[in-house]
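Q: Here you go, entry-v8.cif (mmCIF, C-alpha atoms):
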```cif
data_entry
#
loop_
_atom_site.label_atom_id
_atom_site.label_comp_id
_atom_site.auth_asym_id
_atom_site.auth_seq_id
_atom_site.Cartn_x
_atom_site.Cartn_y
_atom_site.Cartn_z
CA MET A 1044 34.87 116.48 -18.01
CA LYS A 1045 34.35 119.85 -16.36
CA ASP A 1046 35.10 120.01 -12.62
CA ALA A 1047 31.71 120.45 -11.00
CA ARG A 1048 33.24 122.61 -8.29
CA ALA A 1049 34.51 125.31 -10.65
CA VAL A 1050 31.31 127.32 -10.62
CA LEU A 1051 32.30 130.66 -9.04
CA PRO A 1052 34.65 133.06 -10.85
CA ARG A 1053 38.04 132.54 -9.22
CA GLU A 1054 39.35 136.09 -9.57
CA LEU A 1055 36.23 137.66 -8.09
CA LEU A 1056 36.01 135.13 -5.28
CA ASP A 1057 39.66 135.66 -4.34
CA ALA A 1058 39.22 139.45 -4.47
CA PHE A 1059 36.14 139.21 -2.24
CA MET A 1060 38.00 137.11 0.32
CA ALA A 1061 40.83 139.66 0.40
CA GLY A 1062 38.84 142.86 0.19
CA HIS A 1063 35.33 142.53 1.64
CA PHE A 1064 35.04 143.21 5.37
CA GLY A 1065 31.42 144.17 5.92
CA TYR A 1066 29.13 147.17 6.03
CA GLY A 1067 28.93 150.71 7.25
CA ASN A 1068 31.33 153.60 7.69
CA LEU A 1069 35.01 153.21 8.52
CA ALA A 1070 34.95 156.75 9.93
CA ALA A 1071 32.30 155.68 12.47
CA PRO A 1072 33.15 155.85 16.18
CA VAL A 1073 31.91 152.32 16.92
CA TRP A 1074 32.88 149.17 15.05
CA PHE A 1075 31.53 145.67 15.60
CA VAL A 1076 33.54 142.60 14.59
CA GLY A 1077 32.06 139.11 14.40
CA MET A 1078 33.46 135.82 13.16
CA GLU A 1079 31.54 135.44 9.89
CA GLU A 1080 28.24 136.34 8.30
CA HIS A 1081 25.44 133.79 8.19
CA GLY A 1082 24.50 132.59 4.71
CA GLY A 1083 26.13 130.74 1.85
CA HIS A 1084 23.48 128.06 1.55
CA ARG A 1085 23.51 127.92 -2.27
CA GLU A 1086 25.93 128.69 -5.07
CA GLN A 1087 23.44 131.16 -6.57
CA GLU A 1088 23.38 133.16 -3.34
CA ILE A 1089 27.17 133.37 -3.22
CA ALA A 1090 27.28 134.43 -6.88
CA LEU A 1091 24.80 137.22 -6.12
CA ARG A 1092 26.88 138.38 -3.17
CA LEU A 1093 30.07 138.46 -5.23
CA ALA A 1094 28.39 140.36 -8.07
CA ALA A 1095 26.80 142.86 -5.68
CA TRP A 1096 30.13 143.60 -4.02
CA SER A 1097 31.80 144.05 -7.39
CA ASN A 1098 29.03 146.25 -8.79
CA LEU A 1099 29.11 148.46 -5.68
CA GLY A 1100 32.78 149.20 -6.24
CA ARG A 1101 34.60 146.36 -4.46
CA ARG A 1102 34.86 148.48 -1.34
CA VAL A 1103 36.25 147.39 2.02
CA VAL A 1104 32.80 148.13 3.45
CA SER A 1105 29.50 148.64 1.63
CA ASP A 1106 26.26 150.30 2.65
CA VAL A 1107 24.32 147.49 4.31
CA ARG A 1108 20.98 148.39 2.74
CA ASP A 1109 22.39 148.92 -0.76
CA TYR A 1110 24.27 145.63 -0.63
CA HIS A 1111 21.30 143.60 0.57
CA HIS A 1112 19.00 145.30 -1.93
CA ALA A 1113 21.42 144.20 -4.67
CA ILE A 1114 21.11 140.56 -3.56
CA GLY A 1115 17.32 140.77 -3.28
CA VAL A 1116 17.04 141.01 0.51
CA ASP A 1117 14.91 143.98 1.57
CA ASP A 1118 13.03 142.64 4.60
CA HIS A 1119 15.03 144.59 7.18
CA TRP A 1120 14.35 147.99 5.59
CA VAL A 1121 10.59 147.98 5.05
CA GLU A 1122 8.42 150.44 6.98
CA ARG A 1123 8.12 148.17 10.03
CA PRO A 1124 10.81 145.54 9.59
CA PRO A 1125 11.41 142.41 11.62
CA ILE A 1126 14.39 142.92 13.90
CA GLN A 1127 17.36 140.84 12.82
CA PRO A 1128 18.38 139.12 16.09
CA THR A 1129 22.13 139.81 15.98
CA TRP A 1130 21.70 143.36 14.73
CA GLY A 1131 19.06 144.04 17.36
CA ARG A 1132 21.50 143.30 20.17
CA LEU A 1133 24.26 145.38 18.55
CA ILE A 1134 21.84 148.28 18.20
CA ARG A 1135 21.18 148.05 21.94
CA VAL A 1136 24.90 148.59 22.47
CA LEU A 1137 24.84 151.69 20.26
CA LEU A 1138 21.75 153.22 21.84
CA ALA A 1139 22.89 152.50 25.40
CA SER A 1140 26.32 153.98 24.63
CA LYS A 1141 24.54 157.28 23.96
CA GLY A 1142 22.69 157.16 27.26
CA LEU A 1143 19.40 156.06 25.73
CA VAL A 1144 17.14 153.31 27.06
CA PRO A 1145 16.46 151.04 24.07
CA ASP A 1146 13.02 149.62 23.45
CA THR A 1147 11.76 147.42 20.66
CA GLU A 1148 10.54 150.24 18.46
CA SER A 1149 13.68 152.35 18.80
CA VAL A 1150 15.76 149.30 17.89
CA ARG A 1151 13.52 148.61 14.90
CA ALA A 1152 13.78 152.20 13.66
CA TYR A 1153 17.55 152.26 14.09
CA GLN A 1154 17.93 149.06 12.09
CA ARG A 1155 15.77 150.43 9.28
CA ASP A 1156 17.35 153.86 9.06
CA ARG A 1157 20.86 153.92 10.49
CA LEU A 1158 22.67 150.65 11.20
CA GLY A 1159 25.54 149.89 8.86
CA ARG A 1160 24.88 152.80 6.53
CA ALA A 1161 27.68 154.34 4.51
CA ASP A 1162 27.22 157.72 6.21
CA GLY A 1163 26.33 156.31 9.62
CA GLU A 1164 27.88 155.95 13.05
CA SER A 1165 28.59 152.21 12.98
CA CYS A 1166 30.62 149.66 11.08
CA LEU A 1167 29.73 145.95 10.93
CA LEU A 1168 32.78 143.84 10.14
CA GLU A 1169 33.58 140.13 9.95
CA LEU A 1170 36.85 138.38 10.68
CA MET A 1171 36.26 135.78 7.96
CA PRO A 1172 34.98 136.91 4.56
CA LEU A 1173 32.72 134.10 3.32
CA PRO A 1174 29.23 133.64 4.75
CA ALA A 1175 28.40 130.13 5.91
CA PRO A 1176 25.31 128.35 7.23
CA GLY A 1177 27.17 127.47 10.44
CA ILE A 1178 30.53 126.51 11.90
CA GLY A 1179 29.88 122.84 11.09
CA SER A 1180 28.90 123.52 7.48
CA TRP A 1181 31.24 124.17 4.56
CA PRO A 1182 29.55 124.34 1.14
CA TYR A 1183 32.41 125.99 -0.76
CA ARG A 1184 34.09 122.72 -1.74
CA GLN A 1185 31.17 122.38 -4.17
CA PHE A 1186 31.30 125.98 -5.40
CA SER A 1187 34.98 126.59 -6.17
CA ASP A 1188 38.12 124.99 -7.58
CA ASN A 1189 40.32 126.96 -5.15
CA PRO A 1190 42.33 124.40 -3.12
CA ALA A 1191 42.08 126.68 -0.08
CA LEU A 1192 38.32 126.15 -0.05
CA THR A 1193 38.24 122.35 -0.01
CA ALA A 1194 37.63 122.39 3.76
CA ARG A 1195 36.98 124.98 6.45
CA GLU A 1196 40.31 124.15 8.11
CA ALA A 1197 42.23 124.87 4.89
CA TYR A 1198 40.28 128.10 4.40
CA ILE A 1199 41.09 129.31 7.92
CA ARG A 1200 44.79 128.55 7.46
CA HIS A 1201 44.79 130.38 4.13
CA VAL A 1202 42.76 133.46 5.09
CA LEU A 1203 42.90 134.09 8.84
CA PRO A 1204 46.42 135.53 9.30
CA ALA A 1205 45.94 138.13 6.57
CA ARG A 1206 42.48 139.08 7.83
CA VAL A 1207 43.77 139.63 11.37
CA ALA A 1208 46.56 141.83 10.00
CA GLN A 1209 44.19 143.77 7.74
CA LEU A 1210 41.69 144.43 10.52
CA ARG A 1211 44.50 145.60 12.80
CA ALA A 1212 45.73 147.93 10.03
CA LEU A 1213 42.22 149.33 9.46
CA ILE A 1214 41.92 150.11 13.17
CA HIS A 1215 45.31 151.82 13.21
CA GLU A 1216 44.36 153.86 10.14
CA HIS A 1217 40.86 154.93 11.15
CA ARG A 1218 41.18 154.95 14.96
CA PRO A 1219 37.60 154.19 15.98
CA HIS A 1220 36.63 155.15 19.52
CA THR A 1221 35.47 151.60 20.28
CA VAL A 1222 35.67 148.16 18.70
CA VAL A 1223 33.19 145.60 20.04
CA PHE A 1224 34.06 141.99 19.25
CA TYR A 1225 31.35 139.40 19.70
CA GLY A 1226 31.82 135.68 20.19
CA THR A 1227 34.02 134.84 23.17
CA SER A 1228 35.26 131.59 21.59
CA TYR A 1229 37.45 133.75 19.36
CA LEU A 1230 39.17 135.71 22.14
CA ALA A 1231 42.67 134.88 20.89
CA HIS A 1232 41.81 136.37 17.49
CA TRP A 1233 40.26 139.45 19.07
CA GLU A 1234 43.35 140.06 21.20
CA ALA A 1235 45.56 139.63 18.12
CA ILE A 1236 43.54 142.25 16.25
CA ALA A 1237 43.50 144.62 19.23
CA ASP A 1238 47.16 143.97 19.99
CA ALA A 1239 46.08 144.07 23.63
CA LYS A 1240 44.96 141.78 26.43
CA LEU A 1241 41.22 141.93 27.12
CA ALA A 1242 40.55 141.39 30.82
CA GLU A 1243 37.20 140.30 32.24
CA ILE A 1244 35.45 143.30 33.77
CA GLU A 1245 31.99 141.75 34.11
CA THR A 1246 30.69 138.23 33.64
CA GLY A 1247 30.97 137.49 29.93
CA ILE A 1248 32.46 140.89 29.06
CA ARG A 1249 36.15 141.66 28.55
CA ALA A 1250 37.81 144.95 27.72
CA GLY A 1251 41.15 146.59 27.15
CA ARG A 1252 42.64 149.63 25.50
CA ALA A 1253 45.32 150.18 22.90
CA ALA A 1254 46.30 153.68 21.80
CA ASP A 1255 43.08 155.65 21.29
CA THR A 1256 40.71 152.70 20.96
CA LEU A 1257 38.66 150.84 23.56
CA PHE A 1258 38.24 147.15 22.77
CA VAL A 1259 35.36 145.17 24.24
CA ALA A 1260 34.67 141.46 23.78
CA ALA A 1261 31.14 140.24 24.46
CA ARG A 1262 29.27 137.01 23.98
CA HIS A 1263 27.66 136.41 20.61
CA PRO A 1264 24.19 138.01 20.50
CA ALA A 1265 22.72 134.64 19.52
CA ALA A 1266 24.48 132.71 22.31
CA ARG A 1267 22.27 130.79 24.69
CA GLY A 1268 21.41 132.76 27.82
CA THR A 1269 22.19 136.23 26.47
CA SER A 1270 19.74 139.08 26.89
CA GLY A 1271 19.17 142.57 25.62
CA ALA A 1272 20.18 143.88 29.04
CA GLU A 1273 23.60 142.26 28.68
CA PHE A 1274 24.26 144.25 25.51
CA GLU A 1275 22.97 147.42 27.10
CA ARG A 1276 25.65 146.88 29.77
CA VAL A 1277 28.19 146.65 26.95
CA GLY A 1278 26.86 150.00 25.73
CA ALA A 1279 27.36 151.49 29.19
CA ILE A 1280 30.97 150.29 29.16
CA VAL A 1281 31.45 151.91 25.75
CA ALA A 1282 30.02 155.16 27.13
CA ARG A 1283 32.29 155.35 30.16
CA GLY A 1284 35.43 153.73 28.78
CA LEU A 1285 37.14 151.61 31.40
CA THR A 1286 36.33 153.83 34.36
CA PRO A 1287 34.33 152.24 37.20
CA GLY A 1288 30.56 152.21 36.65
#
```
For the file at hand, write its structure as structure tokens.

A:
Amino acid sequence: MKDARAVLPRELLDAFMAGHFGYGNLAAPVWFVGMEEHGGHREQEIALRLAAWSNLGRRVVSDVRDYHHAIGVDDHWVERPPIQPTWGRLIRVLLASKGLVPDTESVRAYQRDRLGRADGESCLLELMPLPAPGIGSWPYRQFSDNPALTAREAYIRHVLPARVAQLRALIHEHRPHTVVFYGTSYLAHWEAIADAKLAEIETGIRAGRAADTLFVAARHPAARGTSGAEFERVGAIVARGLTPG
């Protein structure tokens, strides 16, 4: 009897876990790094994501609009798109870092036209490669025969050390001006990637520097109690480096 879990192509899934890091431009001055992308509710969705990544060249990063178009998600690039909540806060960082005062319409336009584009000024990366509905949810035991995907804990043990090392290597290679990590629960991972201690410089915001790169750790944009103003303060820190504001 066929194993009901063996539904995703093993080679492609393994390649995706090793080689897909997100969206945008590795030559961009500002990188964002989160824990993992939201999604992964159904096997069909994961299959679409794997196929899209493969068809777009199996790159380390893809153009965010091209990738989402390939999986049938176009909402965020229509003429007047809804603002994706996490992206909206990250855009406030970018705009504030350039001395601009973000408003809803400037954030909306930036999302539609510039965020995470292959020729753009930002890179949207994830520590863990597979999207999931939430930290407490792990659908991949139903989608794959890979023993490393039987439980989230096994997946983390299998994937996390290599991902930390690969992200550190990408930073050393491309030397972005700033890397903004979001999600303070993962501070130990962020410091391992940065190879630096990140000290608290404002409530909920930590920062440090290694070589040519400024590293900032902020709360997750979707965390309870966060505001757009908080992420604009992150942008101000990016603009001035670690000098007093």

Q: I'd like to know which of A:Leu1230, A:Ala1095, A:Ala1208, A:Ala1071 is closest to Asp1162 in chain A, using only C-alpha atoms.

A: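 Among the listed residues, the smallest separation from Asp1162 in chain A belongs to A:Ala1071.
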
Q: For a quick check of your reading of the model, name the residues lying within 9 Å of the coordinate (41.6, 138.5, 14.2), counting only C-alpha atoms, and write them as a list in words.

A: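 Neighbouring residues, ordered by chain and number, come to Met1078, Leu1170, Met1171, Leu1203, Pro1204, Ala1205, Arg1206, Val1207, Ala1208, Gln1209, Leu1210, Arg1211, Tyr1229, Leu1230, Ala1231, His1232, Trp1233, Glu1234, Ala1235, Ile1236 and Ala1237 of chain A.
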
Q: Give me the result of the PyMOL selection byres ((chain A and resi 1154) around 10) on this file, residue by residue, as a list in words.

A: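 This file gives the following for the PyMOL selection byres ((chain A and resi 1154) around 10): Arg1108, His1119, Trp1120, Pro1124, Pro1125, Ile1126, Gln1127, Trp1130, Gly1131, Leu1133, Ile1134, Glu1148, Ser1149, Val1150, Arg1151, Ala1152, Tyr1153, Arg1155, Asp1156, Arg1157, Leu1158, Gly1159 and Arg1160 of chain A.
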
Q: Which value, in Å to one decimal, gives the distance between CA of Tyr1183 in chain A and CA of Arg1101 in chain A?

A: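 Here the two named atoms are 20.8 Å from each other.
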
Q: Going by the chain IDs and residue numbers used in this file, which residues fall under the PyMOL selection byres ((chain A and resi 1168) around 7)? Write them as an MDAnalysis selection string.

A: chainID A and resid 1064:1066 1075:1077 1166:1167 1169:1170

Q: Convert the current residue selection to file output with C-alpha atoms, as a PDB file, in the frame of the given file.

A:
```pdb
ATOM      1  CA  PHE A1064      35.040 143.210   5.370  1.00  0.00           C
ATOM      2  CA  GLY A1065      31.420 144.170   5.920  1.00  0.00           C
ATOM      3  CA  TYR A1066      29.130 147.170   6.030  1.00  0.00           C
ATOM      4  CA  PHE A1075      31.530 145.670  15.600  1.00  0.00           C
ATOM      5  CA  VAL A1076      33.540 142.600  14.590  1.00  0.00           C
ATOM      6  CA  GLY A1077      32.060 139.110  14.400  1.00  0.00           C
ATOM      7  CA  CYS A1166      30.620 149.660  11.080  1.00  0.00           C
ATOM      8  CA  LEU A1167      29.730 145.950  10.930  1.00  0.00           C
ATOM      9  CA  GLU A1169      33.580 140.130   9.950  1.00  0.00           C
ATOM     10  CA  LEU A1170      36.850 138.380  10.680  1.00  0.00           C
TER      11      LEU A1170
END
```

Q: Looking at all atoms listed in the file, which of A:Arg1085, A:His1217, A:Arg1262, A:Arg1092 is the one that sits closest to Arg1132 in chain A?

A: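 Under the stated criterion, the closest residue is A:Arg1262.
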
Q: I'd like to see the residues matched by the PyMOL selection byres ((chain A and resi 1058) around 12) on this file, and ideally I'd get them as a list in words.

A: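 With the PyMOL selection byres ((chain A and resi 1058) around 12) on this model, the match is Pro1052, Arg1053, Glu1054, Leu1055, Leu1056, Asp1057, Phe1059, Met1060, Ala1061, Gly1062, His1063, Phe1064, Leu1093, Ala1094, Trp1096, Ser1097, Gly1100, Arg1101, Arg1102, Val1103, Pro1172, Leu1173 and Val1202 of chain A.
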
Q: May I have the residues within 9 Å of range 1184-1188 of chain A as a VMD selection string, using all atoms listed in the file and disregarding those fewer than 2 positions away in the same chain?

A: chain A and resid 1046 to 1053 1056 1085 to 1086 1089 1181 to 1182 1190 to 1195

Q: May I have a table of the residues of range 1119-1228 of chain A lying at most 9 Å from range 1265-1270 of chain A, giving each one's closest pair of atoms and their distance in Å to one decimal, counting only C-alpha atoms, ordered by chain and ascending residue number, as CSV?

A:
```
residue,atom,partner,partner_atom,distance
A:Pro1128,CA,A:Ala1265,CA,7.1
A:Thr1129,CA,A:Ala1265,CA,6.3
A:Arg1132,CA,A:Ser1270,CA,8.1
A:Gly1226,CA,A:Ala1266,CA,8.2
```

Q: Using only C-alpha atoms, which of the listed residues (A:Phe1224, A:Arg1135, A:Thr1147, A:Pro1264) sits closest to Arg1123 in chain A?

A: A:Thr1147

Q: Select all residues near (26.3, 151.3, 2.3) (cut-off 6 Å, inclusive, file coordinates), counting only C-alpha atoms, and output them as a short mmCIF file (atom, residue, chain, number, x, y, z; two decimals) with C-alpha atoms, keeping the file's coordinate frame.

A:
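The new file out-v8.cif reads:
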```cif
data_model
loop_
_atom_site.label_atom_id
_atom_site.label_comp_id
_atom_site.auth_asym_id
_atom_site.auth_seq_id
_atom_site.Cartn_x
_atom_site.Cartn_y
_atom_site.Cartn_z
CA GLY A 1067 28.93 150.71 7.25
CA SER A 1105 29.50 148.64 1.63
CA ASP A 1106 26.26 150.30 2.65
CA VAL A 1107 24.32 147.49 4.31
CA ASP A 1109 22.39 148.92 -0.76
CA ARG A 1160 24.88 152.80 6.53
CA ALA A 1161 27.68 154.34 4.51
#
```

Q: CA of Leu1137 in chain A and CA of Arg1252 in chain A, how far apart in Å?

A: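 Atom-to-atom, CA of Arg1252 in chain A to CA of Leu1137 in chain A, that is 18.7 Å.
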
Q: Would you work out the distance separating CA of Ser1228 in chain A from CA of His1263 in chain A, expressed in Å to one decimal?

A: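 Computing it gives 9.1 Å between the two atoms.
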
Q: If we count only C-alpha atoms and set the cut-off at 6 Å, which residues sit around Pro1176 in chain A, ignoring sequence neighbours fewer than 3 positions away in its own chain? Please answer as an NGL selection string.

A: :A and (1081-1084)
